[in-house]
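Visitor: Before I ask anything, let me first share the structure, which is written out below as structure tokens.
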Number of protein chains: 2
Amino acid sequence: MNLILIDPNELASPTSARITDPRRLRHLHEVHRAQEGDRLSVGIRGGKMGKAILSKLDEHQACFALESLDEPAPVALPVHLVLALPRPRMLARTLEHVTALGVKQLTLLNTQRVEKSYWQSPELRDDKIHQHLLLGLEQARDTQLPSIQLAKGFRPFLEDSLPGLLEARQGLLAHPGMPRPCPRGVTQPSLLLVGPEGGFIPWEVEQLLTAGCEGIHLGPRILRVETAVTALLARIF
Amino acid sequence: MNLILIDPNELASPTSARITDPRRLRHLHEVHRAQEGDRLSVGIRGGKMGKAILSKLDEHQACFALESLDEPAPVALPVHLVLALPRPRMLARTLEHVTALGVKQLTLLNTQRVEKSYWQSPELRDDKIHQHLLLGLEQARDTQLPSIQLAKGFRPFLEDSLPGLLEARQGLLAHPGMPRPCPRGVTQPSLLLVGPEGGFIPWEVEQLLTAGCEGIHLGPRILRVETAVTALLARIF
């Protein structure tokens with residue numbers, strides 16, 4: 001927790017806030033070992049960041065006196081990430097990784113090799129997803145929550161969503177064996193598609209290429225999805 | 001397990017191999033759902049890769065008839081990675097990630113902010129480390145084990161090891177707030193140093209810079225060590 005992320009409804013006034021949830025209180029007590037009077041990094045969810053004085057801390061609450069919060073959130077990556085739904089434990093970590101890296105648009109997609117049971121996982125509940133996004137923001141010192149869409153059908157995604165997504169973005173399909181090496185230092189808005197463990201099936205690859213995506217590869221090494229996503233985002237942007 | 005990695009002492013002859021360990025047998029049965037007669041990707045640890053016919057599979061053993069193994073292992077990254085020893089669970093994952101990404105030289109370093117207890121973790125036992133390296137190789141389809149050194153003292157590393165390491169390598173110190181953005185597409189041999197959660201302390205940074213390392217940064221976002229290491233390797237090389 002490199003940033004204490006304050007929800008707008010935790011503001012008691014424009015210059016004071018009070019948090020009461022056990023997770024952040026425990027972190028303040030046990031990890032920060034915070035004391036009343038400490039000056040800590042804070043941010044308002046959806047807003048600016050800066051410093052605040054911890055004016056009160058006990059087992060039930062932490063109160064902050066906010067200084068002028070004038071630091072903008074770090075710049076987002078110019079990407080809409082489309083990720084085949086990973087297995088639940090990997091989903092949790094991947095949500096934190098990609099949020100910390102600055103992804104703001106994420107679609108979780110069904111593909112042939114996504115196990116159907118993954119769509120029933122409790123990790124897909126709104127509150128669980130929200131929690132992982134918050135952890136990613138707190139880690140990276142960011143205040144802007146990503147927006148998550150669930151695309152439970154490949155064909156509806158392909159036919160109804162993809163054309164619109166590609167109107168203002170270049171489509172990059174990351175898949176082993178594609179002809180073009182992964183580009184570097186891209187600044188233009190991009191749609192990055194990453195398959196499941198085991199990859200997209202050939203029909204899916206063909207459909208995505210026909211729709212206008214360009215196939216790119218990271219080399220001969222096959223990476224786990226969470227490693228591949230981080231590596232792709234770090235290399236492309 | 002995208003590659004069945006055969007230890008040289010599992011070779012019964014130059015063209016046949018037999019494996020008996022429960023982990024790989026379980027994987028063949030449950031994940032690959034392999035059948036006798038299947039043609040699978042194999043590699044000899046430290047050697048070449050290719051295909052083999054599964055000639056026998058039961059609950060105690062798997063026997064392979066090797067075809068000519070003539071595919072070389074994928075190219076390694078030109079890096080010696082020096083990583084402040086992470087917490088045990090993150091160490092396990094990080095060993096797999098960096099092995100899969102192609103790191104062949106890794107030094108685990110003590111720094112001021114590494115908790116002393118981490119050095120007592122069972123994850124640092126030779127057999128545990130070896131297991132994680134194998135998982136990384138099997139994931140990425142590689143046969144060349146990384147070499148791991150433990151540097152339990154920062155000052156001995158600085159004084160006795162670092163000068164030799166920097167003789168034929170550029171030193172890159174990844175640390176938030178350093179002046180130079182992380183370089184891209186580096187091909188020259190490099191020594192990459194990554195600090196612990198909480199970072200190197202200022203004295204350590206100063207010593208590493210004085211020793212000839214160049215400070216680089218990944219931007220304003222603070223990443224978890226496992227995310228940062230993957231992002232750095234993917235961006236630099």
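Just so we're on the same page: first chain in the structure tokens is A, next is B, and so on; residues restart at 1 for each chain, and ligands are numbered from 1 in the order they show up.
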Could you list the residues in chain A lying within 8 Å of chain B, using only C-alpha atoms, and format the result as a list in words?
Guide: Asn2, Pro74, His97, Ala100, Leu101, Gln139, Ala140, Arg141, Asp142, Arg184, Pro220, Arg221, Ile222, Leu223, Arg224, Thr227, Thr230, Ala231, Leu232, Leu233, Ala234 and Arg235 of chain A
Visitor: Using the chain letters and numbers from this document, which residues of stretch 50-223 of chain A does DSSP assign to strand (DSSP E), as an MDAnalysis selection string?
Guide: chainID A and resid 50:57 62:66 79:84 105:109 147:151 170:174 180:181 190:194 214:217
Visitor: Let me make sure I understand: among B:Phe154, B:Pro14, B:Leu25, B:Leu77, which one has the smallest atom-to-atom distance to B:Trp203 if we use only C-alpha atoms?
Guide: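 Looking at the shortest contact to B:Trp203, the residue is B:Phe154.
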Visitor: I'd like the interatomic distance between atom CA of A:Ser13 and atom CA of A:Lys128, to a tenth of an Å.
Guide: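 Distance between the two atoms: 28.7 Å.
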Visitor: Do you know which residues are at most 8 Å from B:Phe200 counting only C-alpha atoms, after dropping those on the same chain fewer than 4 positions away, and could you put them as an NGL selection string?
Guide: :B and (111-113 or 175 or 195-196 or 204-205)
Visitor: Taking N, CA, C and O atoms for each residue, export the selection above as a PDB file, in the first residue's frame.
Guide:
ATOM      1  N   THR B 111      20.125  -7.083   1.247  1.00  0.00           N
ATOM      2  CA  THR B 111      20.216  -5.624   1.370  1.00  0.00           C
ATOM      3  C   THR B 111      19.558  -5.258   2.696  1.00  0.00           C
ATOM      4  O   THR B 111      18.938  -6.094   3.368  1.00  0.00           O
ATOM      5  N   GLN B 112      19.666  -3.982   3.028  1.00  0.00           N
ATOM      6  CA  GLN B 112      19.155  -3.512   4.322  1.00  0.00           C
ATOM      7  C   GLN B 112      17.682  -3.867   4.508  1.00  0.00           C
ATOM      8  O   GLN B 112      17.265  -4.247   5.595  1.00  0.00           O
ATOM      9  N   ARG B 113      16.887  -3.763   3.449  1.00  0.00           N
ATOM     10  CA  ARG B 113      15.439  -3.970   3.598  1.00  0.00           C
ATOM     11  C   ARG B 113      14.983  -5.395   3.295  1.00  0.00           C
ATOM     12  O   ARG B 113      13.787  -5.652   3.192  1.00  0.00           O
ATOM     13  N   HIS B 175      15.805   1.558 -10.092  1.00  0.00           N
ATOM     14  CA  HIS B 175      15.426   2.165  -8.813  1.00  0.00           C
ATOM     15  C   HIS B 175      14.540   3.379  -9.111  1.00  0.00           C
ATOM     16  O   HIS B 175      14.875   4.191  -9.982  1.00  0.00           O
ATOM     17  N   GLY B 195      16.050  -3.964  -6.456  1.00  0.00           N
ATOM     18  CA  GLY B 195      15.991  -3.936  -4.995  1.00  0.00           C
ATOM     19  C   GLY B 195      14.805  -4.705  -4.431  1.00  0.00           C
ATOM     20  O   GLY B 195      14.019  -5.308  -5.164  1.00  0.00           O
ATOM     21  N   PRO B 196      14.695  -4.685  -3.108  1.00  0.00           N
ATOM     22  CA  PRO B 196      13.594  -5.397  -2.446  1.00  0.00           C
ATOM     23  C   PRO B 196      12.325  -4.538  -2.412  1.00  0.00           C
ATOM     24  O   PRO B 196      12.347  -3.374  -2.837  1.00  0.00           O
ATOM     25  N   GLU B 204      22.976   2.299  -0.226  1.00  0.00           N
ATOM     26  CA  GLU B 204      23.199   1.216  -1.188  1.00  0.00           C
ATOM     27  C   GLU B 204      23.178   1.752  -2.621  1.00  0.00           C
ATOM     28  O   GLU B 204      24.014   1.377  -3.467  1.00  0.00           O
ATOM     29  N   VAL B 205      22.212   2.635  -2.905  1.00  0.00           N
ATOM     30  CA  VAL B 205      22.138   3.238  -4.240  1.00  0.00           C
ATOM     31  C   VAL B 205      23.439   3.963  -4.560  1.00  0.00           C
ATOM     32  O   VAL B 205      24.028   3.792  -5.639  1.00  0.00           O
TER      33      VAL B 205
END
Visitor: Could you check how far atom CA of A:Leu191 sits from atom CA of A:Pro176, in Å to one decimal?
Guide: 17.4 Å
Visitor: Which residue out of B:Val103, B:Val79, B:Ile201, B:Leu134 has the minimum interatomic distance to B:Ile4 when only C-alpha atoms are used?
Guide: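 Going through B:Val103, B:Val79, B:Ile201, B:Leu134 one by one, the smallest distance to B:Ile4 is for B:Leu134.
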Visitor: Figure out the distance between atom CA of B:Ala92 and atom CA of B:Leu135, please, to one decimal in Å.
Guide: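 These two atoms are separated by 10.3 Å.
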Visitor: Can you tell me, as a list in words, what residues are no more than 9 Å from stretch 44-49 of chain A when counting only C-alpha atoms, ignoring any on the same chain fewer than 4 positions away?
Guide: Leu3, Ile4, Leu5, Ile6, Asp7, Pro8, Leu11, Ser68, Leu69, Asp70, Glu71, Pro72, Ala73, Arg141, Asp142, Thr143, Gln144 and Leu145 of chain A
Visitor: Quick one: write out the picked residues with C-alpha atoms as a PDB file, in the first residue's frame?
Guide:
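Written file, out_19.pdb:
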ATOM      1  CA  LEU A   3      -0.849   5.119  -1.468  1.00  0.00           C
ATOM      2  CA  ILE A   4      -3.757   5.375   0.937  1.00  0.00           C
ATOM      3  CA  LEU A   5      -6.642   5.456  -1.508  1.00  0.00           C
ATOM      4  CA  ILE A   6      -9.589   7.361  -0.072  1.00  0.00           C
ATOM      5  CA  ASP A   7     -13.063   6.826  -1.448  1.00  0.00           C
ATOM      6  CA  PRO A   8     -14.907  10.108  -2.138  1.00  0.00           C
ATOM      7  CA  LEU A  11     -14.337  12.520   2.816  1.00  0.00           C
ATOM      8  CA  SER A  68      -3.707  20.437  -0.977  1.00  0.00           C
ATOM      9  CA  LEU A  69      -3.972  17.416  -3.223  1.00  0.00           C
ATOM     10  CA  ASP A  70      -2.657  18.623  -6.549  1.00  0.00           C
ATOM     11  CA  GLU A  71      -0.666  15.709  -7.947  1.00  0.00           C
ATOM     12  CA  PRO A  72      -2.368  14.068 -10.938  1.00  0.00           C
ATOM     13  CA  ALA A  73      -2.579  10.289 -11.204  1.00  0.00           C
ATOM     14  CA  ARG A 141       0.110   5.020  -6.550  1.00  0.00           C
ATOM     15  CA  ASP A 142      -2.766   5.563  -8.913  1.00  0.00           C
ATOM     16  CA  THR A 143      -6.325   6.742  -8.314  1.00  0.00           C
ATOM     17  CA  GLN A 144      -8.142   5.859 -11.566  1.00  0.00           C
ATOM     18  CA  LEU A 145     -10.003   2.550 -11.418  1.00  0.00           C
TER      19      LEU A 145
END
Visitor: Can you tell me which residues surround stretch 64-66 of chain B at a distance of at most 7 Å, considering only C-alpha atoms, apart from same-chain residues fewer than 4 positions away, and format the answer as a PyMOL selection string?
Guide: chain B and resi 15-18+51-55
Visitor: Write out the residues from the selection above, keeping C-alpha atoms, as an mmCIF file, in the first residue's frame.
Guide:
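Saved file result_24.cif follows:
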data_model
loop_
_atom_site.group_PDB
_atom_site.id
_atom_site.type_symbol
_atom_site.label_atom_id
_atom_site.label_comp_id
_atom_site.auth_asym_id
_atom_site.auth_seq_id
_atom_site.Cartn_x
_atom_site.Cartn_y
_atom_site.Cartn_z
ATOM 1 C CA THR B 15 17.509 -42.862 -28.171
ATOM 2 C CA SER B 16 15.380 -43.882 -25.204
ATOM 3 C CA ALA B 17 14.480 -42.426 -21.825
ATOM 4 C CA ARG B 18 12.447 -43.452 -18.798
ATOM 5 C CA LYS B 51 10.111 -34.994 -30.398
ATOM 6 C CA ALA B 52 9.685 -38.399 -28.783
ATOM 7 C CA ILE B 53 7.129 -41.181 -29.005
ATOM 8 C CA LEU B 54 5.624 -42.205 -25.682
ATOM 9 C CA SER B 55 6.312 -45.945 -25.896
#
Visitor: Residues near A:Glu167, anyone? I mean within 12 Å using only C-alpha atoms, not counting same-chain ones fewer than 3 positions away, as a PDB file with C-alpha atoms, in the first residue's frame.
Guide:
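part_6.pdb was written with the following content:
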ATOM      1  CA  SER A 161     -17.804  -5.394 -29.887  1.00  0.00           C
ATOM      2  CA  LEU A 162     -14.571  -5.811 -31.840  1.00  0.00           C
ATOM      3  CA  PRO A 163     -15.401  -3.616 -34.853  1.00  0.00           C
ATOM      4  CA  GLY A 164     -16.110  -0.648 -32.593  1.00  0.00           C
ATOM      5  CA  GLN A 170      -4.646  -0.730 -33.781  1.00  0.00           C
ATOM      6  CA  GLY A 171      -5.382  -4.348 -32.968  1.00  0.00           C
ATOM      7  CA  PRO A 189      -4.097   3.680 -28.944  1.00  0.00           C
ATOM      8  CA  SER A 190      -4.036  -0.087 -29.151  1.00  0.00           C
ATOM      9  CA  LEU A 191      -6.215  -3.102 -28.546  1.00  0.00           C
ATOM     10  CA  ALA A 211     -11.240  -8.603 -38.320  1.00  0.00           C
ATOM     11  CA  GLY A 212      -8.127  -6.473 -38.751  1.00  0.00           C
ATOM     12  CA  CYS A 213      -5.821  -7.427 -35.891  1.00  0.00           C
TER      13      CYS A 213
END
Visitor: Can you work out which one of A:Thr20, A:Val114, A:Ala174, A:Pro78 has the shortest atom-to-atom distance to A:Lys56, counting only C-alpha atoms?
Guide: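 Closest residue, counting only C-alpha atoms: A:Thr20.
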Visitor: Pick out each residue of stretch 19-177 of chain A that DSSP on the backbone tags as alpha helix (DSSP H); I need them as number ranges by chain.
Guide: A: 22-30, 88-101, 126-140, 154-156, 162-165
Visitor: Considering only C-alpha atoms, state which residue in the set A:Leu158, A:His60, A:Arg93, A:Gln188 is at the smallest distance from A:Thr210.
Guide: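 Going through A:Leu158, A:His60, A:Arg93, A:Gln188 one by one, the smallest distance to A:Thr210 is for A:Leu158.
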Visitor: So which residues touch A:Pro181 within 8 Å, counting only C-alpha atoms, skipping near sequence neighbours fewer than 2 positions away, as a PyMOL selection string?
Guide: chain A and resi 178-179+183+216-219
Visitor: Could you save those same residues with C-alpha atoms as a PDB file, in the first residue's frame?
Guide:
ATOM      1  CA  MET A 178       2.746 -14.969 -35.549  1.00  0.00           C
ATOM      2  CA  PRO A 179       5.088 -13.357 -38.091  1.00  0.00           C
ATOM      3  CA  PRO A 183       6.636  -3.865 -31.361  1.00  0.00           C
ATOM      4  CA  ILE A 216       2.625 -10.389 -32.964  1.00  0.00           C
ATOM      5  CA  HIS A 217       4.867 -12.763 -31.007  1.00  0.00           C
ATOM      6  CA  LEU A 218       7.235 -12.582 -28.036  1.00  0.00           C
ATOM      7  CA  GLY A 219       9.705 -15.162 -29.345  1.00  0.00           C
TER       8      GLY A 219
END
